[in-house]
$ cat protein_16.pdb   # PDB, C-alpha atoms
ATOM      1  CA  MET A 172       7.017  -7.827 -21.904
ATOM      2  CA  LYS A 173       4.923 -10.405 -23.747
ATOM      3  CA  PRO A 174       1.497 -11.209 -22.240
ATOM      4  CA  ALA A 175       2.403 -14.867 -21.781
ATOM      5  CA  ARG A 176       5.391 -13.925 -19.635
ATOM      6  CA  VAL A 177       3.310 -11.503 -17.563
ATOM      7  CA  SER A 178       0.722 -14.196 -16.922
ATOM      8  CA  ALA A 179       3.417 -16.725 -16.015
ATOM      9  CA  ILE A 180       4.860 -14.329 -13.414
ATOM     10  CA  PHE A 181       1.526 -13.659 -11.747
ATOM     11  CA  GLU A 182       0.440 -17.293 -11.872
ATOM     12  CA  LYS A 183       3.605 -18.177  -9.965
ATOM     13  CA  LEU A 184       3.034 -15.421  -7.396
ATOM     14  CA  LYS A 185      -0.608 -16.452  -7.085
ATOM     15  CA  ALA A 186       0.295 -20.090  -6.508
ATOM     16  CA  ALA A 187       2.612 -19.093  -3.666
ATOM     17  CA  ASN A 188       0.126 -16.696  -2.049
ATOM     18  CA  PRO A 189      -3.428 -16.945  -3.434
ATOM     19  CA  GLU A 190      -4.992 -14.287  -1.194
ATOM     20  CA  PRO A 191      -2.341 -11.732  -0.175
ATOM     21  CA  LYS A 192      -3.341  -9.239   2.493
ATOM     22  CA  THR A 193      -1.938  -6.020   3.849
ATOM     23  CA  GLU A 194       0.415  -6.537   6.783
ATOM     24  CA  LEU A 195      -0.873  -3.422   8.511
ATOM     25  CA  TYR A 196      -2.881  -3.901  11.710
ATOM     26  CA  TYR A 197      -6.382  -2.405  11.634
ATOM     27  CA  THR A 198      -9.839  -3.024  13.077
ATOM     28  CA  ASN A 199     -12.197  -1.300  10.629
ATOM     29  CA  ASP A 200     -12.259   0.898   7.530
ATOM     30  CA  PHE A 201     -11.270   4.015   9.441
ATOM     31  CA  THR A 202      -8.342   2.487  11.299
ATOM     32  CA  LEU A 203      -7.162   0.978   8.016
ATOM     33  CA  LEU A 204      -7.038   4.450   6.471
ATOM     34  CA  VAL A 205      -5.155   5.810   9.489
ATOM     35  CA  ALA A 206      -2.680   2.924   9.369
ATOM     36  CA  ILE A 207      -2.026   3.532   5.677
ATOM     37  CA  VAL A 208      -1.396   7.240   6.293
ATOM     38  CA  LEU A 209       0.987   6.349   9.113
ATOM     39  CA  SER A 210       2.856   3.862   6.928
ATOM     40  CA  ALA A 211       4.101   6.500   4.474
ATOM     41  CA  GLN A 212       7.920   6.484   4.628
ATOM     42  CA  ALA A 213       7.725   4.040   7.535
ATOM     43  CA  THR A 214       7.664   0.260   7.885
ATOM     44  CA  ASP A 215       4.507  -1.727   8.525
ATOM     45  CA  VAL A 216       6.279  -3.354  11.467
ATOM     46  CA  GLY A 217       6.977   0.020  13.036
ATOM     47  CA  VAL A 218       3.411   1.213  12.491
ATOM     48  CA  ASN A 219       1.968  -1.998  13.923
ATOM     49  CA  LYS A 220       3.875  -1.496  17.162
ATOM     50  CA  ALA A 221       2.090   1.795  17.778
ATOM     51  CA  THR A 222      -1.425   1.334  16.435
ATOM     52  CA  PRO A 223      -2.991  -1.348  18.688
ATOM     53  CA  ALA A 224      -2.896   1.003  21.669
ATOM     54  CA  LEU A 225      -4.077   3.914  19.542
ATOM     55  CA  PHE A 226      -6.985   2.058  17.960
ATOM     56  CA  ALA A 227      -8.075   0.767  21.366
ATOM     57  CA  VAL A 228      -8.969   4.351  22.324
ATOM     58  CA  ALA A 229      -9.678   5.925  18.934
ATOM     59  CA  ASP A 230     -11.249   3.723  16.288
ATOM     60  CA  ASN A 231     -13.517   6.260  14.601
ATOM     61  CA  PRO A 232     -13.228   9.863  13.368
ATOM     62  CA  ALA A 233     -14.926  11.397  16.406
ATOM     63  CA  LYS A 234     -12.693   9.663  18.935
ATOM     64  CA  MET A 235      -9.588  10.413  16.889
ATOM     65  CA  ALA A 236     -10.455  14.085  16.551
ATOM     66  CA  ALA A 237     -11.103  14.247  20.291
ATOM     67  CA  LEU A 238      -7.519  13.169  20.947
ATOM     68  CA  GLY A 239      -6.192  16.265  19.208
ATOM     69  CA  GLU A 240      -2.744  16.459  17.680
ATOM     70  CA  ASP A 241      -0.867  16.379  20.982
ATOM     71  CA  GLY A 242      -2.877  13.434  22.248
ATOM     72  CA  LEU A 243      -2.316  11.520  19.035
ATOM     73  CA  LYS A 244       1.420  12.204  19.027
ATOM     74  CA  LYS A 245       1.786  10.321  22.310
ATOM     75  CA  TYR A 246       0.755   7.147  20.513
ATOM     76  CA  ILE A 247       2.657   7.592  17.242
ATOM     77  CA  LYS A 248       5.874   9.339  18.348
ATOM     78  CA  THR A 249       7.939   6.275  17.392
ATOM     79  CA  ILE A 250       6.803   6.563  13.753
ATOM     80  CA  GLY A 251       8.719   8.704  11.280
ATOM     81  CA  LEU A 252       7.255  12.137  10.456
ATOM     82  CA  PHE A 253       4.815  11.771  13.355
ATOM     83  CA  ASN A 254       4.247  15.524  13.676
ATOM     84  CA  SER A 255       2.937  15.990  10.155
ATOM     85  CA  LYS A 256       1.084  12.678  10.275
ATOM     86  CA  ALA A 257      -0.687  13.695  13.485
ATOM     87  CA  LYS A 258      -1.796  16.934  11.836
ATOM     88  CA  ASN A 259      -3.098  15.090   8.792
ATOM     89  CA  ILE A 260      -4.910  12.384  10.754
ATOM     90  CA  ILE A 261      -6.678  14.861  12.998
ATOM     91  CA  GLY A 262      -7.478  16.933   9.917
ATOM     92  CA  LEU A 263      -8.916  14.004   7.968
ATOM     93  CA  SER A 264     -10.930  12.878  11.013
ATOM     94  CA  ARG A 265     -12.525  16.298  11.329
ATOM     95  CA  MET A 266     -13.153  16.483   7.591
ATOM     96  CA  LEU A 267     -14.813  13.068   7.574
ATOM     97  CA  MET A 268     -17.230  14.210  10.271
ATOM     98  CA  LYS A 269     -17.910  17.614   8.741
ATOM     99  CA  GLU A 270     -18.192  16.743   5.059
ATOM    100  CA  PHE A 271     -18.802  12.989   4.851
ATOM    101  CA  LYS A 272     -21.001  12.268   7.902
ATOM    102  CA  GLY A 273     -18.216  10.218   9.448
ATOM    103  CA  LYS A 274     -18.009   7.802   6.540
ATOM    104  CA  ILE A 275     -14.997   7.319   4.270
ATOM    105  CA  PRO A 276     -15.797   8.215   0.651
ATOM    106  CA  GLU A 277     -15.391   5.390  -1.829
ATOM    107  CA  GLU A 278     -14.317   7.463  -4.835
ATOM    108  CA  ARG A 279     -10.608   8.078  -5.349
ATOM    109  CA  ASP A 280     -11.007  11.795  -6.073
ATOM    110  CA  ALA A 281     -13.026  12.337  -2.901
ATOM    111  CA  LEU A 282     -10.573  10.291  -0.853
ATOM    112  CA  GLN A 283      -7.721  12.443  -2.091
ATOM    113  CA  THR A 284      -9.355  15.580  -0.682
ATOM    114  CA  LEU A 285      -8.619  14.248   2.815
ATOM    115  CA  PRO A 286      -5.442  15.545   4.496
ATOM    116  CA  GLY A 287      -2.555  13.124   4.084
ATOM    117  CA  VAL A 288      -4.305  11.007   1.462
ATOM    118  CA  GLY A 289      -2.568  10.946  -1.913
ATOM    119  CA  ARG A 290      -3.189   8.677  -4.863
ATOM    120  CA  LYS A 291      -1.183   5.763  -3.459
ATOM    121  CA  THR A 292      -2.945   5.897  -0.087
ATOM    122  CA  ALA A 293      -6.330   6.090  -1.791
ATOM    123  CA  ASN A 294      -5.480   3.147  -4.023
ATOM    124  CA  VAL A 295      -4.354   1.020  -1.077
ATOM    125  CA  TRP A 296      -7.530   1.764   0.883
ATOM    126  CA  LEU A 297      -9.832   1.096  -2.068
ATOM    127  CA  ASN A 298      -8.043  -2.184  -2.701
ATOM    128  CA  CYS A 299      -7.889  -3.440   0.876
ATOM    129  CA  ALA A 300     -11.227  -2.116   2.119
ATOM    130  CA  ARG A 301     -13.341  -2.512  -1.014
ATOM    131  CA  GLY A 302     -11.497  -5.067  -3.115
ATOM    132  CA  GLN A 303     -11.139  -2.699  -6.042
ATOM    133  CA  PRO A 304      -8.444  -3.644  -8.606
ATOM    134  CA  THR A 305      -6.349  -0.553  -7.926
ATOM    135  CA  LEU A 306      -2.575  -0.556  -8.348
ATOM    136  CA  ALA A 307      -0.829   1.221  -5.511
ATOM    137  CA  VAL A 308       2.787   1.888  -6.435
ATOM    138  CA  ASP A 309       5.277   2.277  -3.592
ATOM    139  CA  THR A 310       9.062   1.935  -3.706
ATOM    140  CA  HIS A 311       8.830  -1.874  -3.664
ATOM    141  CA  VAL A 312       6.367  -2.043  -6.547
ATOM    142  CA  LEU A 313       8.363   0.494  -8.541
ATOM    143  CA  ARG A 314      11.630  -1.405  -8.021
ATOM    144  CA  VAL A 315      10.262  -4.876  -8.715
ATOM    145  CA  SER A 316       8.259  -3.768 -11.744
ATOM    146  CA  ASN A 317      11.332  -2.230 -13.328
ATOM    147  CA  ARG A 318      13.599  -5.131 -12.463
ATOM    148  CA  ILE A 319      11.414  -7.897 -13.830
ATOM    149  CA  GLY A 320      10.335  -5.894 -16.871
ATOM    150  CA  LEU A 321       6.683  -5.146 -16.097
ATOM    151  CA  ALA A 322       7.392  -1.444 -16.449
ATOM    152  CA  LYS A 323      10.088   0.997 -17.395
ATOM    153  CA  ALA A 324       9.312   4.001 -15.249
ATOM    154  CA  THR A 325      11.080   6.406 -12.919
ATOM    155  CA  THR A 326       8.011   7.642 -11.027
ATOM    156  CA  PRO A 327       5.127   5.879  -9.247
ATOM    157  CA  GLU A 328       2.612   7.639 -11.472
ATOM    158  CA  LYS A 329       4.209   6.459 -14.714
ATOM    159  CA  CYS A 330       4.705   2.988 -13.290
ATOM    160  CA  GLU A 331       1.020   2.769 -12.353
ATOM    161  CA  GLN A 332       0.005   3.818 -15.858
ATOM    162  CA  GLN A 333       2.221   1.164 -17.414
ATOM    163  CA  LEU A 334       1.088  -1.563 -15.038
ATOM    164  CA  GLU A 335      -2.539  -0.746 -15.827
ATOM    165  CA  LYS A 336      -1.797  -1.618 -19.446
ATOM    166  CA  THR A 337       0.516  -4.569 -18.760
ATOM    167  CA  ILE A 338      -1.249  -6.558 -16.046
ATOM    168  CA  PRO A 339      -4.293  -8.615 -17.094
ATOM    169  CA  ALA A 340      -7.535  -7.706 -15.320
ATOM    170  CA  LYS A 341      -7.786 -11.056 -13.535
ATOM    171  CA  TYR A 342      -4.592 -10.341 -11.575
ATOM    172  CA  LYS A 343      -5.136  -6.660 -10.733
ATOM    173  CA  LYS A 344      -6.971  -7.139  -7.445
ATOM    174  CA  HIS A 345      -3.918  -8.720  -5.808
ATOM    175  CA  ALA A 346      -1.131  -7.512  -8.109
ATOM    176  CA  HIS A 347       0.228  -4.697  -5.974
ATOM    177  CA  HIS A 348       0.297  -6.904  -2.868
ATOM    178  CA  TRP A 349       2.187  -9.637  -4.688
ATOM    179  CA  LEU A 350       4.731  -7.107  -5.925
ATOM    180  CA  ILE A 351       5.040  -5.340  -2.559
ATOM    181  CA  LEU A 352       5.623  -8.560  -0.648
ATOM    182  CA  HIS A 353       8.072  -9.832  -3.259
ATOM    183  CA  GLY A 354      10.032  -6.601  -2.994
ATOM    184  CA  ARG A 355       9.893  -6.539   0.789
ATOM    185  CA  TYR A 356      11.127 -10.072   1.373
ATOM    186  CA  VAL A 357      12.927 -11.260  -1.762
ATOM    187  CA  CYS A 358      13.678  -8.630  -4.406
ATOM    188  CA  LYS A 359      15.185  -6.236  -1.865
ATOM    189  CA  ALA A 360      16.771  -2.940  -2.828
ATOM    190  CA  ARG A 361      20.333  -3.557  -1.650
ATOM    191  CA  LYS A 362      20.646  -7.310  -1.373
ATOM    192  CA  PRO A 363      18.050  -9.063  -3.529
ATOM    193  CA  GLU A 364      17.785 -12.755  -2.745
ATOM    194  CA  CYS A 365      17.724 -13.954  -6.355
ATOM    195  CA  GLY A 366      18.584 -17.499  -5.319
ATOM    196  CA  ARG A 367      15.170 -18.030  -3.769
ATOM    197  CA  CYS A 368      13.155 -15.917  -6.198
ATOM    198  CA  ILE A 369      10.220 -17.908  -7.569
ATOM    199  CA  ILE A 370       9.966 -15.727 -10.692
ATOM    200  CA  ARG A 371      13.692 -15.561 -11.421
ATOM    201  CA  LYS A 372      13.409 -17.362 -14.769
ATOM    202  CA  TRP A 373      11.261 -14.536 -16.162
ATOM    203  CA  CYS A 374      13.231 -11.668 -14.628
ATOM    204  CA  GLU A 375      14.839  -9.273 -17.109
ATOM    205  CA  TRP A 376      17.063  -7.454 -14.573
ATOM    206  CA  PRO A 377      20.720  -7.645 -15.683
ATOM    207  CA  GLY A 378      21.836  -7.427 -12.050
ATOM    208  CA  LYS A 379      20.216 -10.688 -10.962
ATOM    209  CA  THR A 380      22.501 -13.353  -9.560
TER     210      THR A 380
END
$ encode --input "protein_16.pdb" --output "C-alpha cells"
Amino acid sequence: MKPARVSAIFEKLKAANPEPKTELYYTNDFTLLVAIVLSAQATDVGVNKATPALFAVADNPAKMAALGEDGLKKYIKTIGLFNSKAKNIIGLSRMLMKEFKGKIPEERDALQTLPGVGRKTANVWLNCARGQPTLAVDTHVLRVSNRIGLAKATTPEKCEQQLEKTIPAKYKKHAHHWLILHGRYVCKARKPECGRCIIRKWCEWPGKT
C-alpha cells in the first residue's frame, strides 16, 4: 500500500477518535496487566464484569498472591480458560515480588518472562501503561490489516513485522487501538458493516459491500 493511502486511513481514524483507549477496566499498572492476561480469548466486556470486585480486594502482587489460585478462581470463573489464567496470574504475582521487587518490568523481554505474558500482552501493556508505540496484533488487528491492505500476513507475528514497516511513526502509538476498535465495531469477522465504514474508500478487500 502506498504511503499516502496509509496516512489517509490513519488520519481518518484519528479524526474520529483522537485518543483511543483500552476498553479494559483497571485501576493501576498491575491491574492493567492482570486485565490484559484475562482478556486473552475472551471479550473485554466479559472481563470487565469480573474485575471490579477482584481489584477491590487484590490490586497489587502481594494481595493477588495471597488469594491463591482457588481464591482467584471465585472472581474470574465466568471468564474463559479461568483455570489456566488463575495459575498464570498467581504465578506472575509471585514472580513480580520475588524477582522484580513488586514492580512490573518495562522491557518487553523481561515482561515476557512472566507467566501468561506473551508478546501481544507485553505490547498492550507497554502501549497502555507507558505510551510506547508498540503494535499489539490480535484477531481484530490481523483481520482488519489484511482486509484494508496494510499487511498480507497469516500470523500475528508476521502482521506485526509488516505493520512496523507500513505504519508511519506518528501513528504507531494509537495504531493498534484504532485497528482493534474498527474491527470490533465495524469491520467484524462475519458481518462487516461496510456501509458505515469511514475508511471504506481506501479498503482493498474484495469482499466489501
$ resolve_selection --input "protein_16.pdb" --expression "the PyMOL selection byres ((chain A and resi 207) around 8)" --output "MDAnalysis selection string"
chainID A and resid 195 203:206 208:211 292 295:296
$ closest_residue --input "protein_16.pdb" --among "A:Lys269, A:Lys256, A:Arg314, A:Lys244" --to "Pro232 (chain A)" --atoms "all atoms listed in the file"
A:Lys269
$ atom_distance --input "protein_16.pdb" --atom1 "CA of Leu321 (chain A)" --atom2 "CA of Asn294 (chain A)"
19.0 Å
$ resolve_selection --input "protein_16.pdb" --expression "the PyMOL selection byres ((chain A and resi 353) around 12)" --output "PyMOL selection string"
chain A and resi 180-181+183-185+187-188+191+310-316+318-319+346-352+354-360+363-365+367-371
$ write_last_selection --input "protein_16.pdb" --atoms "C-alpha atoms" --output "short mmCIF file (atom, residue, chain, number, x, y, z; two decimals), in the frame of the given file"
data_model
loop_
_atom_site.label_atom_id
_atom_site.label_comp_id
_atom_site.auth_asym_id
_atom_site.auth_seq_id
_atom_site.Cartn_x
_atom_site.Cartn_y
_atom_site.Cartn_z
CA ILE A 180 4.86 -14.33 -13.41
CA PHE A 181 1.53 -13.66 -11.75
CA LYS A 183 3.60 -18.18 -9.96
CA LEU A 184 3.03 -15.42 -7.40
CA LYS A 185 -0.61 -16.45 -7.08
CA ALA A 187 2.61 -19.09 -3.67
CA ASN A 188 0.13 -16.70 -2.05
CA PRO A 191 -2.34 -11.73 -0.18
CA THR A 310 9.06 1.94 -3.71
CA HIS A 311 8.83 -1.87 -3.66
CA VAL A 312 6.37 -2.04 -6.55
CA LEU A 313 8.36 0.49 -8.54
CA ARG A 314 11.63 -1.40 -8.02
CA VAL A 315 10.26 -4.88 -8.72
CA SER A 316 8.26 -3.77 -11.74
CA ARG A 318 13.60 -5.13 -12.46
CA ILE A 319 11.41 -7.90 -13.83
CA ALA A 346 -1.13 -7.51 -8.11
CA HIS A 347 0.23 -4.70 -5.97
CA HIS A 348 0.30 -6.90 -2.87
CA TRP A 349 2.19 -9.64 -4.69
CA LEU A 350 4.73 -7.11 -5.92
CA ILE A 351 5.04 -5.34 -2.56
CA LEU A 352 5.62 -8.56 -0.65
CA GLY A 354 10.03 -6.60 -2.99
CA ARG A 355 9.89 -6.54 0.79
CA TYR A 356 11.13 -10.07 1.37
CA VAL A 357 12.93 -11.26 -1.76
CA CYS A 358 13.68 -8.63 -4.41
CA LYS A 359 15.18 -6.24 -1.86
CA ALA A 360 16.77 -2.94 -2.83
CA PRO A 363 18.05 -9.06 -3.53
CA GLU A 364 17.78 -12.76 -2.74
CA CYS A 365 17.72 -13.95 -6.36
CA ARG A 367 15.17 -18.03 -3.77
CA CYS A 368 13.16 -15.92 -6.20
CA ILE A 369 10.22 -17.91 -7.57
CA ILE A 370 9.97 -15.73 -10.69
CA ARG A 371 13.69 -15.56 -11.42
#
$ closest_residue --input "protein_16.pdb" --among "A:Ile250, A:Arg265, A:Ser255, A:Val216" --to "Ala237 (chain A)" --atoms "all atoms listed in the file"
A:Arg265
$ atom_distance --input "protein_16.pdb" --atom1 "CA of Thr337 (chain A)" --atom2 "CA of Ser178 (chain A)"
9.8 Å
$ closest_residue --input "protein_16.pdb" --among "A:Pro286, A:Arg176, A:Cys330, A:Thr193" --to "Gly302 (chain A)" --atoms "all atoms listed in the file"
A:Thr193
$ resolve_selection --input "protein_16.pdb" --expression "the PyMOL selection byres ((chain A and resi 268) around 12)" --output "list in words"
Phe201, Asn231, Pro232, Ala233, Lys234, Met235, Ala236, Ala237, Ile261, Gly262, Leu263, Ser264, Arg265, Met266, Leu267, Lys269, Glu270, Phe271, Lys272, Gly273, Lys274, Ile275, Pro276 and Leu285 of chain A
$ atom_distance --input "protein_16.pdb" --atom1 "CA of Phe253 (chain A)" --atom2 "CA of Lys329 (chain A)"
28.6 Å
$ closest_residue --input "protein_16.pdb" --among "A:Asn259, A:Thr249, A:Thr214, A:Thr198" --to "Ala229 (chain A)" --atoms "all atoms listed in the file"
A:Thr198
$ closest_residue --input "protein_16.pdb" --among "A:Ala175, A:Ala221, A:Ala213, A:Val228" --to "Gly251 (chain A)" --atoms "all atoms listed in the file"
A:Ala213
$ axis_aligned_box --input "protein_16.pdb" --around "region 199-211 of chain A" --padding-each-side "6 Å" --output "JSON"
{"center_x": -4.1, "center_y": 3.0, "center_z": 7.9, "size_x": 28.4, "size_y": 20.5, "size_z": 18.8}
$ residues_near_point --input "protein_16.pdb" --point "(-11.5, -1.9, 5.8)" --cutoff "6 Å" --atoms "all atoms listed in the file" --output "mmCIF file with C-alpha atoms, keeping the file's coordinate frame"
data_model
loop_
_atom_site.group_PDB
_atom_site.id
_atom_site.type_symbol
_atom_site.label_atom_id
_atom_site.label_comp_id
_atom_site.auth_asym_id
_atom_site.auth_seq_id
_atom_site.Cartn_x
_atom_site.Cartn_y
_atom_site.Cartn_z
ATOM 1 C CA ASN A 199 -12.197 -1.300 10.629
ATOM 2 C CA ASP A 200 -12.259 0.898 7.530
ATOM 3 C CA LEU A 203 -7.162 0.978 8.016
ATOM 4 C CA ALA A 300 -11.227 -2.116 2.119
#
$ residues_around --input "protein_16.pdb" --residues "Tyr246 (chain A)" --least-positions-apart "4" --cutoff "10 Å" --atoms "all atoms listed in the file" --output "NGL selection string"
:A and (220-226 or 241-242 or 250 or 253 or 257)
$ build_atoms --input "protein_16.pdb" --residues "region 360-372 of chain A" --atoms "N, CA, C and O atoms" --output "PDB file, keeping the file's coordinate frame"
ATOM      1  N   ALA A 360      16.053  -4.005  -2.128  1.00  0.00           N
ATOM      2  CA  ALA A 360      16.771  -2.940  -2.828  1.00  0.00           C
ATOM      3  C   ALA A 360      18.277  -3.189  -2.868  1.00  0.00           C
ATOM      4  O   ALA A 360      18.897  -3.132  -3.932  1.00  0.00           O
ATOM      5  N   ARG A 361      18.870  -3.447  -1.725  1.00  0.00           N
ATOM      6  CA  ARG A 361      20.333  -3.557  -1.650  1.00  0.00           C
ATOM      7  C   ARG A 361      20.855  -4.972  -1.855  1.00  0.00           C
ATOM      8  O   ARG A 361      21.859  -5.176  -2.518  1.00  0.00           O
ATOM      9  N   LYS A 362      20.168  -5.930  -1.263  1.00  0.00           N
ATOM     10  CA  LYS A 362      20.646  -7.310  -1.373  1.00  0.00           C
ATOM     11  C   LYS A 362      19.508  -8.236  -1.782  1.00  0.00           C
ATOM     12  O   LYS A 362      18.972  -9.000  -0.971  1.00  0.00           O
ATOM     13  N   PRO A 363      19.131  -8.182  -3.061  1.00  0.00           N
ATOM     14  CA  PRO A 363      18.050  -9.063  -3.529  1.00  0.00           C
ATOM     15  C   PRO A 363      18.445 -10.522  -3.401  1.00  0.00           C
ATOM     16  O   PRO A 363      19.586 -10.894  -3.665  1.00  0.00           O
ATOM     17  N   GLU A 364      17.520 -11.332  -2.943  1.00  0.00           N
ATOM     18  CA  GLU A 364      17.785 -12.755  -2.745  1.00  0.00           C
ATOM     19  C   GLU A 364      17.340 -13.539  -3.983  1.00  0.00           C
ATOM     20  O   GLU A 364      16.373 -14.305  -3.950  1.00  0.00           O
ATOM     21  N   CYS A 365      18.079 -13.343  -5.067  1.00  0.00           N
ATOM     22  CA  CYS A 365      17.724 -13.954  -6.355  1.00  0.00           C
ATOM     23  C   CYS A 365      17.696 -15.475  -6.290  1.00  0.00           C
ATOM     24  O   CYS A 365      16.939 -16.126  -7.015  1.00  0.00           O
ATOM     25  N   GLY A 366      18.502 -16.050  -5.411  1.00  0.00           N
ATOM     26  CA  GLY A 366      18.584 -17.499  -5.319  1.00  0.00           C
ATOM     27  C   GLY A 366      17.293 -18.164  -4.895  1.00  0.00           C
ATOM     28  O   GLY A 366      17.078 -19.343  -5.188  1.00  0.00           O
ATOM     29  N   ARG A 367      16.441 -17.441  -4.187  1.00  0.00           N
ATOM     30  CA  ARG A 367      15.170 -18.030  -3.769  1.00  0.00           C
ATOM     31  C   ARG A 367      13.963 -17.334  -4.396  1.00  0.00           C
ATOM     32  O   ARG A 367      12.844 -17.459  -3.908  1.00  0.00           O
ATOM     33  N   CYS A 368      14.223 -16.623  -5.484  1.00  0.00           N
ATOM     34  CA  CYS A 368      13.155 -15.917  -6.198  1.00  0.00           C
ATOM     35  C   CYS A 368      12.361 -16.890  -7.056  1.00  0.00           C
ATOM     36  O   CYS A 368      12.913 -17.564  -7.935  1.00  0.00           O
ATOM     37  N   ILE A 369      11.054 -16.953  -6.849  1.00  0.00           N
ATOM     38  CA  ILE A 369      10.220 -17.908  -7.569  1.00  0.00           C
ATOM     39  C   ILE A 369       9.901 -17.459  -9.000  1.00  0.00           C
ATOM     40  O   ILE A 369       9.360 -18.244  -9.789  1.00  0.00           O
ATOM     41  N   ILE A 370      10.218 -16.208  -9.328  1.00  0.00           N
ATOM     42  CA  ILE A 370       9.966 -15.727 -10.692  1.00  0.00           C
ATOM     43  C   ILE A 370      11.279 -15.350 -11.396  1.00  0.00           C
ATOM     44  O   ILE A 370      11.294 -14.619 -12.371  1.00  0.00           O
ATOM     45  N   ARG A 371      12.372 -15.897 -10.896  1.00  0.00           N
ATOM     46  CA  ARG A 371      13.692 -15.561 -11.421  1.00  0.00           C
ATOM     47  C   ARG A 371      13.829 -15.861 -12.912  1.00  0.00           C
ATOM     48  O   ARG A 371      14.439 -15.102 -13.660  1.00  0.00           O
ATOM     49  N   LYS A 372      13.250 -16.945 -13.380  1.00  0.00           N
ATOM     50  CA  LYS A 372      13.409 -17.362 -14.769  1.00  0.00           C
ATOM     51  C   LYS A 372      12.811 -16.367 -15.759  1.00  0.00           C
ATOM     52  O   LYS A 372      13.193 -16.335 -16.927  1.00  0.00           O
TER      53      LYS A 372
END
